[in-house]
$ cat start.csv   # CSV, C-alpha atoms
chain,number,residue,atom,x,y,z
A,1,ILE,CA,103.1,-24.4,174.9
A,2,LEU,CA,101.8,-20.9,175.7
A,3,THR,CA,98.0,-20.8,176.3
A,4,HIS,CA,95.4,-18.5,175.1
A,5,GLN,CA,94.7,-17.4,178.6
A,6,ASN,CA,98.3,-16.3,179.0
A,7,LEU,CA,98.1,-14.1,176.0
A,8,SER,CA,94.7,-12.7,176.7
A,9,THR,CA,95.5,-11.3,180.1
A,10,PRO,CA,97.4,-8.0,179.9
A,11,LYS,CA,99.8,-7.3,182.8
A,12,CYS,CA,98.2,-3.9,183.4
A,13,ASP,CA,95.1,-1.8,182.4
A,14,HIS,CA,97.2,0.1,179.9
A,15,LEU,CA,97.6,-2.9,177.5
A,16,LEU,CA,94.9,-4.3,175.3
A,17,PRO,CA,94.1,-8.0,175.3
A,18,CYS,CA,95.6,-9.5,172.2
A,19,ASN,CA,92.8,-12.1,171.8
A,20,LEU,CA,95.0,-14.5,169.9
A,21,ASP,CA,93.0,-17.8,170.0
A,22,PRO,CA,95.0,-20.4,168.1
A,23,ALA,CA,91.8,-22.2,167.1
A,24,LYS,CA,90.3,-19.0,165.5
A,25,ASN,CA,93.4,-17.2,164.5
A,26,LEU,CA,95.6,-19.8,162.9
A,27,THR,CA,95.8,-17.6,159.8
A,28,LYS,CA,97.4,-14.8,161.8
A,29,LEU,CA,99.9,-17.2,163.4
A,30,VAL,CA,100.9,-18.5,160.0
A,31,HIS,CA,101.3,-14.9,158.8
A,32,ILE,CA,103.7,-14.2,161.7
A,33,ASN,CA,105.8,-17.2,160.8
A,34,LYS,CA,105.8,-16.2,157.1
A,35,ARG,CA,106.7,-12.6,157.8
A,36,VAL,CA,109.6,-13.6,160.1
A,37,SER,CA,111.0,-16.0,157.5
A,38,GLU,CA,110.9,-13.2,154.8
A,39,LEU,CA,112.7,-10.5,156.8
A,40,GLU,CA,116.0,-11.6,155.3
A,41,ASP,CA,114.9,-11.5,151.7
A,42,SER,CA,117.2,-9.2,149.8
A,43,SER,CA,118.8,-8.6,146.5
A,44,ILE,CA,122.2,-10.1,145.6
A,45,THR,CA,123.6,-6.6,145.6
A,46,ASN,CA,122.6,-6.0,149.2
A,47,HIS,CA,123.9,-9.4,150.3
A,48,THR,CA,127.2,-8.8,148.6
A,49,PHE,CA,127.5,-5.3,150.3
A,50,TYR,CA,127.0,-6.9,153.7
A,51,LYS,CA,129.4,-9.7,152.9
A,52,LYS,CA,132.2,-7.2,152.2
A,53,ALA,CA,131.5,-5.6,155.6
A,54,GLN,CA,131.5,-9.1,157.3
A,55,LEU,CA,134.8,-10.0,155.7
A,56,HIS,CA,136.4,-6.7,156.9
A,57,VAL,CA,135.2,-7.3,160.5
A,58,ALA,CA,136.2,-11.0,160.4
A,59,LYS,CA,139.7,-10.3,159.1
A,60,SER,CA,140.1,-7.8,162.0
A,61,LEU,CA,139.0,-10.4,164.6
A,62,ALA,CA,141.4,-12.9,163.0
A,63,HIS,CA,144.3,-10.8,164.3
A,64,SER,CA,143.3,-11.6,167.9
A,65,LEU,CA,145.3,-13.9,170.2
A,66,ASP,CA,142.0,-14.9,171.8
A,67,ASP,CA,140.7,-18.2,170.5
A,68,GLU,CA,137.0,-17.2,171.0
A,69,GLN,CA,137.5,-14.1,168.8
A,70,ILE,CA,139.2,-16.2,166.1
A,71,GLY,CA,136.2,-18.6,166.3
A,72,ARG,CA,133.8,-15.7,165.9
A,73,ALA,CA,135.8,-14.6,162.9
A,74,LEU,CA,135.5,-18.0,161.2
A,75,ASP,CA,131.7,-18.1,161.9
A,76,MET,CA,131.3,-14.6,160.4
A,77,ILE,CA,133.1,-15.6,157.2
A,78,ASN,CA,130.6,-18.5,156.7
A,79,CYS,CA,127.7,-16.3,157.7
A,80,GLY,CA,125.4,-15.8,154.7
A,81,ARG,CA,128.0,-17.1,152.3
A,82,VAL,CA,125.6,-19.5,150.6
A,83,LEU,CA,122.4,-17.9,149.3
A,84,VAL,CA,119.3,-19.5,148.0
A,85,LYS,CA,116.4,-18.0,146.0
A,86,SER,CA,113.5,-17.0,148.1
A,87,ARG,CA,109.9,-18.0,147.5
A,88,ARG,CA,109.0,-14.4,146.8
A,89,ASN,CA,111.1,-14.3,143.7
A,90,SER,CA,110.0,-12.3,140.8
A,91,THR,CA,111.4,-12.5,137.3
A,92,SER,CA,112.5,-8.8,137.4
A,93,ARG,CA,114.3,-8.7,140.7
A,94,PRO,CA,115.0,-12.0,142.4
A,95,VAL,CA,115.7,-12.0,146.2
A,96,TYR,CA,117.7,-14.4,148.2
A,97,GLN,CA,118.0,-15.8,151.7
A,98,ALA,CA,121.1,-17.1,153.6
A,99,GLN,CA,121.0,-20.6,154.9
A,100,VAL,CA,123.5,-20.1,157.7
A,101,ARG,CA,123.8,-17.1,160.1
A,102,CYS,CA,126.5,-16.7,162.8
A,103,LYS,CA,124.3,-14.5,165.1
A,104,GLN,CA,127.4,-12.6,166.4
A,105,ARG,CA,126.8,-9.2,168.0
A,106,SER,CA,129.7,-7.7,166.0
A,107,CYS,CA,128.5,-9.2,162.6
A,108,PRO,CA,127.2,-6.4,160.4
A,109,ARG,CA,124.5,-8.5,158.8
A,110,CYS,CA,123.3,-10.3,161.9
A,111,SER,CA,123.1,-7.0,163.9
A,112,SER,CA,121.1,-5.4,161.2
A,113,LEU,CA,118.7,-8.3,160.9
A,114,ARG,CA,118.3,-8.3,164.7
A,115,GLY,CA,117.5,-4.6,164.6
A,116,PHE,CA,115.0,-5.1,161.8
A,117,LYS,CA,113.2,-7.9,163.7
A,118,TYR,CA,113.2,-5.8,166.9
A,119,THR,CA,111.7,-2.8,165.0
A,120,ASN,CA,108.9,-5.1,163.7
A,121,MET,CA,108.2,-6.4,167.2
A,122,VAL,CA,108.1,-2.9,168.6
A,123,GLY,CA,105.6,-1.9,165.9
A,124,GLU,CA,103.4,-4.8,167.0
A,125,ALA,CA,103.9,-3.7,170.6
A,126,PHE,CA,102.5,-0.2,169.8
A,127,LYS,CA,99.3,-1.9,168.7
A,128,GLN,CA,99.0,-3.6,172.1
A,129,LEU,CA,99.1,-0.3,174.0
A,130,ARG,CA,95.9,1.6,174.9
A,131,PHE,CA,97.9,4.7,174.4
A,132,LYS,CA,97.9,6.0,170.8
A,133,PHE,CA,100.1,8.6,169.1
A,134,LYS,CA,98.4,12.0,169.2
A,135,ASP,CA,98.5,12.7,165.4
A,136,ASP,CA,97.0,9.3,164.6
A,137,CYS,CA,93.9,10.0,166.7
A,138,GLY,CA,91.0,11.0,164.5
A,139,HIS,CA,92.5,9.1,161.5
A,140,THR,CA,93.4,5.5,162.4
A,141,HIS,CA,92.1,5.7,166.0
A,142,HIS,CA,88.8,7.2,166.8
A,143,GLN,CA,87.3,8.1,170.2
A,144,VAL,CA,90.6,7.9,172.1
A,145,SER,CA,90.4,9.9,175.4
A,146,GLU,CA,92.9,12.6,176.1
A,147,HIS,CA,94.4,10.5,178.9
A,148,TYR,CA,95.5,7.8,176.4
A,149,LYS,CA,97.1,10.1,173.8
A,150,MET,CA,100.9,10.1,173.7
A,151,ILE,CA,103.8,11.9,171.9
A,152,GLY,CA,107.3,10.7,171.0
A,153,ILE,CA,110.6,12.3,172.0
A,154,LYS,CA,113.8,11.2,170.2
A,155,LEU,CA,117.2,11.5,172.0
A,156,THR,CA,120.8,11.0,171.0
A,157,LEU,CA,123.1,11.1,174.1
A,158,ASN,CA,126.8,10.4,174.6
A,159,GLY,CA,129.5,10.5,177.3
A,160,GLY,CA,130.7,14.0,176.4
A,161,THR,CA,134.0,12.9,174.7
A,162,ALA,CA,135.4,10.0,172.8
A,163,CYS,CA,137.0,7.3,175.0
A,164,SER,CA,140.0,5.1,174.6
A,165,LEU,CA,139.4,1.6,173.3
A,166,THR,CA,140.5,0.2,176.7
A,167,GLU,CA,137.8,2.2,178.4
A,168,LEU,CA,135.0,1.3,175.9
A,169,ARG,CA,133.2,-1.3,177.9
A,170,LYS,CA,133.3,0.9,181.0
A,171,ARG,CA,131.9,3.8,179.1
A,172,ILE,CA,129.0,1.8,177.6
A,173,LYS,CA,128.1,0.5,181.1
A,174,SER,CA,128.1,4.1,182.4
A,175,LEU,CA,125.8,5.2,179.6
A,176,HIS,CA,123.4,2.4,180.3
A,177,HIS,CA,123.4,3.1,184.0
A,178,ASN,CA,122.8,6.8,183.4
A,179,TRP,CA,119.9,6.1,181.1
A,180,THR,CA,118.2,4.0,183.8
A,181,ARG,CA,118.8,6.8,186.3
A,182,LEU,CA,117.3,9.3,183.8
A,183,LEU,CA,114.1,7.2,183.6
A,184,ARG,CA,113.8,7.2,187.4
A,185,LEU,CA,113.4,10.9,187.6
A,186,LYS,CA,110.1,11.8,189.2
A,187,LEU,CA,109.1,14.1,186.4
A,188,VAL,CA,109.9,11.5,183.8
A,189,GLN,CA,108.1,8.7,185.6
A,190,GLU,CA,105.0,10.8,186.0
A,191,ASN,CA,104.7,11.3,182.3
A,192,MET,CA,106.3,8.3,180.7
A,193,VAL,CA,104.3,5.6,178.8
A,194,GLY,CA,107.4,3.7,177.7
A,195,ALA,CA,110.9,4.1,176.4
A,196,LEU,CA,113.5,2.4,174.2
A,197,ARG,CA,117.3,2.8,174.0
A,198,ALA,CA,119.8,1.4,171.5
A,199,THR,CA,123.6,1.6,171.7
A,200,GLU,CA,125.8,2.5,168.8
A,201,ILE,CA,129.6,2.7,168.6
A,202,THR,CA,131.5,4.6,166.0
A,203,GLU,CA,135.3,5.2,165.5
A,204,SER,CA,137.2,8.4,165.6
A,205,LYS,CA,140.8,9.6,166.0
A,206,SER,CA,142.3,12.0,168.5
A,207,ASP,CA,144.5,15.0,167.7
A,208,THR,CA,147.5,12.6,168.0
A,209,SER,CA,145.9,10.1,165.6
A,210,THR,CA,145.1,7.7,168.4
A,211,ILE,CA,142.1,5.5,167.6
A,212,MET,CA,139.1,6.3,169.9
A,213,ALA,CA,135.6,5.1,170.3
A,214,ASN,CA,132.3,7.1,170.4
A,215,PRO,CA,129.6,5.0,172.1
A,216,HIS,CA,126.3,6.8,172.2
A,217,LEU,CA,122.6,6.1,172.8
A,218,HIS,CA,119.7,6.5,170.5
A,219,GLY,CA,116.6,6.8,172.7
A,220,THR,CA,112.8,7.0,172.2
A,221,LEU,CA,110.7,8.4,175.0
A,222,LEU,CA,106.9,8.0,174.9
A,223,LEU,CA,105.2,10.7,177.0
A,224,ARG,CA,101.6,11.4,178.0
A,225,MET,CA,100.3,14.2,175.9
A,226,ASN,CA,98.7,16.0,178.9
A,227,GLY,CA,102.0,16.2,180.7
A,228,ASP,CA,104.4,19.2,180.7
A,229,VAL,CA,106.6,18.0,177.8
A,230,ASN,CA,108.9,21.1,177.6
A,231,LYS,CA,109.7,20.9,181.3
A,232,THR,CA,110.4,17.2,181.0
A,233,ILE,CA,112.8,17.8,178.1
A,234,ALA,CA,114.6,20.6,180.0
A,235,LYS,CA,115.0,18.3,183.1
A,236,ILE,CA,116.4,15.5,181.0
A,237,ARG,CA,118.9,17.7,179.3
A,238,LYS,CA,120.1,19.2,182.6
A,239,HIS,CA,120.3,15.9,184.4
A,240,TRP,CA,122.1,14.1,181.6
A,241,ARG,CA,124.8,16.8,181.5
A,242,LYS,CA,125.1,16.7,185.3
A,243,MET,CA,125.6,12.9,185.3
A,244,THR,CA,128.1,13.1,182.4
A,245,GLU,CA,130.1,15.8,184.2
A,246,GLN,CA,130.3,13.6,187.3
A,247,ASP,CA,131.5,10.6,185.3
A,248,LEU,CA,134.1,12.6,183.4
A,249,PHE,CA,135.4,14.0,186.7
A,250,LYS,CA,135.7,10.5,188.2
A,251,SER,CA,137.6,9.3,185.1
A,252,GLY,CA,140.2,12.1,185.5
A,253,SER,CA,139.0,14.9,183.3
A,254,ILE,CA,140.4,18.3,184.5
A,255,THR,CA,137.6,20.2,182.6
A,256,PRO,CA,134.5,18.0,183.0
A,257,LYS,CA,132.0,20.8,182.5
A,258,GLN,CA,133.6,21.8,179.2
A,259,ASP,CA,134.0,18.1,178.1
A,260,ALA,CA,130.3,17.4,178.9
A,261,SER,CA,129.0,20.4,176.9
A,262,GLN,CA,128.1,18.3,173.8
A,263,CYS,CA,126.8,15.2,175.7
A,264,VAL,CA,123.2,15.9,174.6
A,265,GLN,CA,123.5,15.7,170.8
A,266,ASP,CA,119.8,15.8,170.2
A,267,ILE,CA,116.6,15.8,172.2
A,268,SER,CA,113.5,16.8,170.2
A,269,MET,CA,110.0,15.8,169.4
A,270,LEU,CA,109.2,13.6,166.4
A,271,SER,CA,108.3,15.7,163.3
A,272,ARG,CA,104.8,14.2,163.7
A,273,HIS,CA,103.5,12.2,166.5
A,274,THR,CA,102.4,9.2,164.5
A,275,PHE,CA,103.1,5.4,164.4
A,276,GLU,CA,105.0,5.8,161.2
A,277,ASP,CA,107.3,8.5,162.4
A,278,ALA,CA,108.1,6.6,165.6
A,279,ILE,CA,108.9,3.4,163.8
A,280,SER,CA,111.1,5.3,161.3
A,281,TRP,CA,113.2,6.7,164.2
A,282,ILE,CA,113.3,3.3,166.0
A,283,LYS,CA,114.4,1.6,162.7
A,284,TYR,CA,117.3,4.1,162.5
A,285,SER,CA,118.1,3.6,166.2
A,286,THR,CA,118.3,-0.2,166.0
A,287,LYS,CA,120.0,-0.4,162.6
A,288,GLY,CA,123.0,-2.4,164.0
A,289,ILE,CA,126.6,-1.5,163.6
A,290,MET,CA,126.4,-0.5,159.9
A,291,LYS,CA,126.2,3.2,158.9
A,292,PHE,CA,123.6,4.2,156.2
A,293,THR,CA,123.0,7.3,154.2
A,294,SER,CA,119.5,8.9,154.0
A,295,ASN,CA,118.6,6.8,150.9
A,296,GLY,CA,119.4,3.5,152.8
A,297,GLU,CA,122.7,2.7,151.1
A,298,GLY,CA,125.7,1.6,153.2
A,299,VAL,CA,128.5,4.1,153.8
A,300,THR,CA,131.7,2.9,152.2
A,301,THR,CA,133.9,4.4,154.9
A,302,HIS,CA,132.9,1.4,157.0
A,303,GLN,CA,135.6,-0.5,155.1
A,304,ASN,CA,138.2,1.9,156.5
A,305,SER,CA,137.6,1.1,160.2
A,306,SER,CA,140.7,-0.2,162.0
A,307,ILE,CA,141.6,-3.6,163.2
A,308,GLU,CA,142.1,-2.3,166.8
A,309,PHE,CA,138.6,-0.8,166.8
A,310,TRP,CA,136.8,-4.0,165.9
A,311,LEU,CA,138.9,-6.1,168.3
A,312,SER,CA,137.9,-3.7,171.1
A,313,VAL,CA,134.2,-3.4,170.1
A,314,ASP,CA,133.8,-7.2,169.8
A,315,LYS,CA,135.1,-7.7,173.4
A,316,ALA,CA,133.3,-4.7,174.8
A,317,ILE,CA,129.8,-5.7,173.8
A,318,LYS,CA,130.1,-9.3,174.7
A,319,HIS,CA,127.1,-10.4,176.9
A,320,MET,CA,125.8,-6.8,176.9
A,321,ARG,CA,122.2,-5.8,176.1
A,322,LEU,CA,122.5,-3.2,173.4
A,323,THR,CA,118.8,-2.6,173.0
A,324,SER,CA,116.2,-2.4,175.8
A,325,THR,CA,112.6,-1.3,176.4
A,326,TYR,CA,111.0,0.1,179.5
A,327,GLY,CA,107.6,0.9,181.0
A,328,TYR,CA,104.3,-0.2,179.4
A,329,LEU,CA,106.2,-0.6,176.1
A,330,LYS,CA,108.3,-3.4,177.6
A,331,GLU,CA,105.1,-5.2,178.8
A,332,ALA,CA,103.5,-4.8,175.4
A,333,LEU,CA,106.7,-6.2,173.8
A,334,SER,CA,106.5,-9.3,176.0
A,335,LEU,CA,103.0,-10.0,174.8
A,336,VAL,CA,104.2,-9.8,171.2
A,337,LYS,CA,107.1,-12.2,171.9
A,338,GLU,CA,104.5,-14.6,173.3
A,339,GLN,CA,102.6,-14.4,170.1
A,340,MET,CA,105.7,-15.2,168.1
A,341,ASN,CA,106.6,-18.1,170.4
A,342,LEU,CA,103.0,-19.4,169.9
A,343,ALA,CA,103.3,-19.1,166.2
A,344,ALA,CA,106.6,-21.0,166.3
A,345,SER,CA,105.1,-23.8,168.5
A,346,ILE,CA,101.6,-24.2,167.0
A,347,ALA,CA,101.1,-22.7,163.6
A,348,PRO,CA,102.6,-24.4,160.5
A,349,THR,CA,105.9,-22.9,159.5
A,350,PRO,CA,106.9,-22.3,155.8
A,351,ALA,CA,108.3,-25.5,154.3
A,352,THR,CA,112.1,-25.6,154.2
A,353,ILE,CA,113.5,-24.6,150.8
A,354,VAL,CA,115.4,-27.5,149.2
A,355,PRO,CA,117.6,-25.7,146.7
A,356,THR,CA,118.8,-27.0,143.4
A,357,ALA,CA,122.2,-26.1,142.0
A,358,GLU,CA,120.6,-23.4,139.9
A,359,ASP,CA,119.1,-21.7,143.0
A,360,LEU,CA,122.4,-21.3,144.9
A,361,LEU,CA,124.7,-18.3,144.8
A,362,TRP,CA,128.0,-17.4,146.6
A,363,SER,CA,127.7,-13.9,148.3
A,364,ASP,CA,131.5,-13.7,148.6
A,365,ARG,CA,132.3,-13.9,144.9
A,366,LEU,CA,132.8,-10.1,144.9
$ encode --input "start.csv" --output "structure tokens"
Amino acid sequence: ILTHQNLSTPKCDHLLPCNLDPAKNLTKLVHINKRVSELEDSSITNHTFYKKAQLHVAKSLAHSLDDEQIGRALDMINCGRVLVKSRRNSTSRPVYQAQVRCKQRSCPRCSSLRGFKYTNMVGEAFKQLRFKFKDDCGHTHHQVSEHYKMIGIKLTLNGGTACSLTELRKRIKSLHHNWTRLLRLKLVQENMVGALRATEITESKSDTSTIMANPHLHGTLLLRMNGDVNKTIAKIRKHWRKMTEQDLFKSGSITPKQDASQCVQDISMLSRHTFEDAISWIKYSTKGIMKFTSNGEGVTTHQNSSIEFWLSVDKAIKHMRLTSTYGYLKEALSLVKEQMNLAASIAPTPATIVPTAEDLLWSDRL
């Protein structure tokens, strides 16, 4: 069991003590458990939409000759198949929870839930930092010194061109390695408070209709407000293009400079340097493998993705960390995880729902 002393001692001066005494803050621990248990609550329409996506991916994996992939396909078919009414039901719009989840990386629903929970934890991690977003100071945070004000940069970076399905895992490893190298730049280290990167993979076709993959990174960079932000952005853009050119040359490209011209899709400041704007971007970054429109609805073209694509993605991301944090944000996130572990081990958890026949639904009766 984690102790109060463990949680109350930050790993550096840039984190706040969380002061989570189980004897005095049992209510907060109970709230953490309750909130985690309610993350999955959703309408039957949303559950059904995800079930369609799950069945599409599962059918693709079922074409494999690999027993492990076939096993993951079967687990995905049963994932969220049986739904039970949540405690938060209202007569106007009831919400449901699934009783079984497969927790596969390539599962559309499990990846989205993992991203949702991760975003919630990052939000709590922001509260553990002494650094506060610049535009929040004077409103939600008073008397914050200039030294502890930060701004947010959002990045979307890729490997220059789409890659073949056989090269997908190698390309993802290369992107992750280059991201780590990027954060080690002297100018970035001098100004960085923390960082987060999430990996997304989309499908495309070449001019000859060959199925290709487009792995790319959605990044968040938290920088000290009193640093030279414009210079840092210019350095990141230049260095990422240089690393991409080198990787493309090694992979056999005869025009690496031209192929790397679009490797920096976006690098810009948040529209406002606030907690809400940062969380909104991180929520998009960690959304999982599903595509969404601006109003939050799933994109129907997901159903048209190919069997070859999902077989390759499932193998490529196996045992790979698709989301990571760095710097003080990483240390703050570890404190939040300790709080959640403490909540699970000490505080009362919501009672298990014992459904009646009237409470059960099948999400795959489409």
$ atom_distance --input "start.csv" --atom1 "CA of Tyr96 in chain A" --atom2 "CA of Asn78 in chain A"
16.0 Å
$ closest_atom_pairs --input "start.csv" --of "range 168-253 of chain A" --to "range 265-286 of chain A" --cutoff "12 Å" --atoms "all atoms listed in the file" --output "JSON lines"
{"residue": "A:Ala195", "atom": "CA", "partner": "A:Ile282", "partner_atom": "CA", "distance": 10.7}
{"residue": "A:Leu196", "atom": "CA", "partner": "A:Ile282", "partner_atom": "CA", "distance": 8.3}
{"residue": "A:Arg197", "atom": "CA", "partner": "A:Ser285", "partner_atom": "CA", "distance": 7.9}
{"residue": "A:Ala198", "atom": "CA", "partner": "A:Thr286", "partner_atom": "CA", "distance": 5.9}
{"residue": "A:Thr199", "atom": "CA", "partner": "A:Thr286", "partner_atom": "CA", "distance": 8.0}
{"residue": "A:Glu200", "atom": "CA", "partner": "A:Ser285", "partner_atom": "CA", "distance": 8.2}
{"residue": "A:Ile201", "atom": "CA", "partner": "A:Ser285", "partner_atom": "CA", "distance": 11.8}
{"residue": "A:His216", "atom": "CA", "partner": "A:Gln265", "partner_atom": "CA", "distance": 9.4}
{"residue": "A:Leu217", "atom": "CA", "partner": "A:Ser285", "partner_atom": "CA", "distance": 8.4}
{"residue": "A:His218", "atom": "CA", "partner": "A:Ser285", "partner_atom": "CA", "distance": 5.4}
{"residue": "A:Gly219", "atom": "CA", "partner": "A:Ser285", "partner_atom": "CA", "distance": 7.4}
{"residue": "A:Thr220", "atom": "CA", "partner": "A:Ile282", "partner_atom": "CA", "distance": 7.2}
{"residue": "A:Leu221", "atom": "CA", "partner": "A:Met269", "partner_atom": "CA", "distance": 9.3}
{"residue": "A:Leu222", "atom": "CA", "partner": "A:Ala278", "partner_atom": "CA", "distance": 9.5}
{"residue": "A:Leu223", "atom": "CA", "partner": "A:Met269", "partner_atom": "CA", "distance": 10.3}
{"residue": "A:Arg224", "atom": "CA", "partner": "A:His273", "partner_atom": "CA", "distance": 11.7}
{"residue": "A:Met225", "atom": "CA", "partner": "A:His273", "partner_atom": "CA", "distance": 10.1}
{"residue": "A:Val229", "atom": "CA", "partner": "A:Met269", "partner_atom": "CA", "distance": 9.3}
{"residue": "A:Asn230", "atom": "CA", "partner": "A:Ser268", "partner_atom": "CA", "distance": 9.7}
{"residue": "A:Thr232", "atom": "CA", "partner": "A:Ile267", "partner_atom": "CA", "distance": 10.9}
{"residue": "A:Ile233", "atom": "CA", "partner": "A:Ile267", "partner_atom": "CA", "distance": 7.3}
{"residue": "A:Ala234", "atom": "CA", "partner": "A:Ile267", "partner_atom": "CA", "distance": 9.4}
{"residue": "A:Lys235", "atom": "CA", "partner": "A:Ile267", "partner_atom": "CA", "distance": 11.3}
{"residue": "A:Ile236", "atom": "CA", "partner": "A:Ile267", "partner_atom": "CA", "distance": 8.8}
{"residue": "A:Arg237", "atom": "CA", "partner": "A:Ile267", "partner_atom": "CA", "distance": 7.7}
{"residue": "A:Lys238", "atom": "CA", "partner": "A:Ile267", "partner_atom": "CA", "distance": 11.5}
{"residue": "A:Trp240", "atom": "CA", "partner": "A:Gln265", "partner_atom": "CA", "distance": 11.0}
{"residue": "A:Arg241", "atom": "CA", "partner": "A:Gln265", "partner_atom": "CA", "distance": 10.8}
$ atom_distance --input "start.csv" --atom1 "CA of Lys127 in chain A" --atom2 "CA of Lys330 in chain A"
12.7 Å
$ closest_residue --input "start.csv" --among "A:Asp228, A:Glu38, A:Glu68, A:Glu331" --to "Phe116 in chain A" --atoms "only C-alpha atoms"
A:Glu38
$ closest_residue --input "start.csv" --among "A:Ala260, A:Ala98, A:Leu248, A:Ala162" --to "Thr202 in chain A" --atoms "all atoms listed in the file"
A:Ala162
$ closest_residue --input "start.csv" --among "A:Ser43, A:Gln258, A:Asn214, A:Gln339" --to "Leu168 in chain A" --atoms "all atoms listed in the file"
A:Asn214
$ atom_distance --input "start.csv" --atom1 "CA of Gln69 in chain A" --atom2 "CA of Ser206 in chain A"
26.5 Å
$ residues_around --input "start.csv" --residues "Gln97 in chain A" --least-positions-apart "6" --cutoff "10 Å" --atoms "all atoms listed in the file" --output "MDAnalysis selection string"
chainID A and resid 37:44 47 80 82:87 353 360:361
$ closest_atom_pairs --input "start.csv" --of "range 210-293 of chain A" --to "range 309-312 of chain A" --cutoff "10 Å" --atoms "only C-alpha atoms" --output "tab-separated table"
residue	atom	partner	partner_atom	distance
A:Ile211	CA	A:Phe309	CA	7.3
A:Met212	CA	A:Phe309	CA	7.8
A:Ala213	CA	A:Phe309	CA	7.5
$ residues_around --input "start.csv" --residues "Gly288 in chain A" --least-positions-apart "2" --cutoff "7 Å" --atoms "all atoms listed in the file" --output "list in words"
Pro108, Ser111, Ser112, Gly115, Thr286 and Met290 of chain A
$ write_last_selection --input "start.csv" --atoms "C-alpha atoms" --output "short mmCIF file (atom, residue, chain, number, x, y, z; two decimals), in the coordinates of the input"
data_model
loop_
_atom_site.label_atom_id
_atom_site.label_comp_id
_atom_site.auth_asym_id
_atom_site.auth_seq_id
_atom_site.Cartn_x
_atom_site.Cartn_y
_atom_site.Cartn_z
CA PRO A 108 127.20 -6.40 160.40
CA SER A 111 123.10 -7.00 163.90
CA SER A 112 121.10 -5.40 161.20
CA GLY A 115 117.50 -4.60 164.60
CA THR A 286 118.30 -0.20 166.00
CA MET A 290 126.40 -0.50 159.90
#
$ closest_residue --input "start.csv" --among "A:Arg72, A:Gly327, A:Asn226, A:Ser164" --to "Ser145 in chain A" --atoms "all atoms listed in the file"
A:Asn226
$ closest_residue --input "start.csv" --among "A:Leu342, A:Ala347, A:Val336, A:Ala316" --to "Lys173 in chain A" --atoms "all atoms listed in the file"
A:Ala316
$ closest_residue --input "start.csv" --among "A:Asp247, A:Thr180, A:His147, A:Met192" --to "Thr161 in chain A" --atoms "all atoms listed in the file"
A:Asp247
$ decode --input "start.csv" --residues "range 33-45 of chain A" --atoms "N, CA and C atoms" --output "PDB file, in the first residue's frame"
ATOM      1  N   ASN A  33     -12.229   6.925  -7.627  1.00  0.00           N
ATOM      2  CA  ASN A  33     -12.753   5.621  -8.042  1.00  0.00           C
ATOM      3  C   ASN A  33     -14.047   5.762  -8.826  1.00  0.00           C
ATOM      4  N   LYS A  34     -14.922   6.624  -8.361  1.00  0.00           N
ATOM      5  CA  LYS A  34     -16.224   6.812  -9.003  1.00  0.00           C
ATOM      6  C   LYS A  34     -16.053   7.390 -10.402  1.00  0.00           C
ATOM      7  N   ARG A  35     -15.132   8.352 -10.530  1.00  0.00           N
ATOM      8  CA  ARG A  35     -14.911   8.989 -11.813  1.00  0.00           C
ATOM      9  C   ARG A  35     -14.344   7.998 -12.822  1.00  0.00           C
ATOM     10  N   VAL A  36     -13.385   7.181 -12.395  1.00  0.00           N
ATOM     11  CA  VAL A  36     -12.790   6.183 -13.285  1.00  0.00           C
ATOM     12  C   VAL A  36     -13.840   5.180 -13.745  1.00  0.00           C
ATOM     13  N   SER A  37     -14.721   4.772 -12.829  1.00  0.00           N
ATOM     14  CA  SER A  37     -15.741   3.785 -13.177  1.00  0.00           C
ATOM     15  C   SER A  37     -16.785   4.344 -14.137  1.00  0.00           C
ATOM     16  N   GLU A  38     -16.922   5.675 -14.181  1.00  0.00           N
ATOM     17  CA  GLU A  38     -17.947   6.289 -15.023  1.00  0.00           C
ATOM     18  C   GLU A  38     -17.411   6.744 -16.381  1.00  0.00           C
ATOM     19  N   LEU A  39     -16.102   6.597 -16.616  1.00  0.00           N
ATOM     20  CA  LEU A  39     -15.524   7.065 -17.869  1.00  0.00           C
ATOM     21  C   LEU A  39     -16.143   6.377 -19.083  1.00  0.00           C
ATOM     22  N   GLU A  40     -16.567   5.145 -18.898  1.00  0.00           N
ATOM     23  CA  GLU A  40     -17.074   4.377 -20.033  1.00  0.00           C
ATOM     24  C   GLU A  40     -18.553   4.628 -20.298  1.00  0.00           C
ATOM     25  N   ASP A  41     -19.255   5.272 -19.387  1.00  0.00           N
ATOM     26  CA  ASP A  41     -20.686   5.502 -19.576  1.00  0.00           C
ATOM     27  C   ASP A  41     -20.952   6.178 -20.910  1.00  0.00           C
ATOM     28  N   SER A  42     -21.836   5.580 -21.693  1.00  0.00           N
ATOM     29  CA  SER A  42     -22.129   6.140 -23.001  1.00  0.00           C
ATOM     30  C   SER A  42     -23.494   5.660 -23.470  1.00  0.00           C
ATOM     31  N   SER A  43     -24.017   6.340 -24.475  1.00  0.00           N
ATOM     32  CA  SER A  43     -25.327   5.962 -25.010  1.00  0.00           C
ATOM     33  C   SER A  43     -25.218   4.687 -25.830  1.00  0.00           C
ATOM     34  N   ILE A  44     -26.341   4.042 -26.049  1.00  0.00           N
ATOM     35  CA  ILE A  44     -26.354   2.815 -26.844  1.00  0.00           C
ATOM     36  C   ILE A  44     -25.916   3.112 -28.281  1.00  0.00           C
ATOM     37  N   THR A  45     -26.221   4.316 -28.776  1.00  0.00           N
ATOM     38  CA  THR A  45     -25.807   4.706 -30.130  1.00  0.00           C
ATOM     39  C   THR A  45     -24.289   4.722 -30.249  1.00  0.00           C
TER      40      THR A  45
END
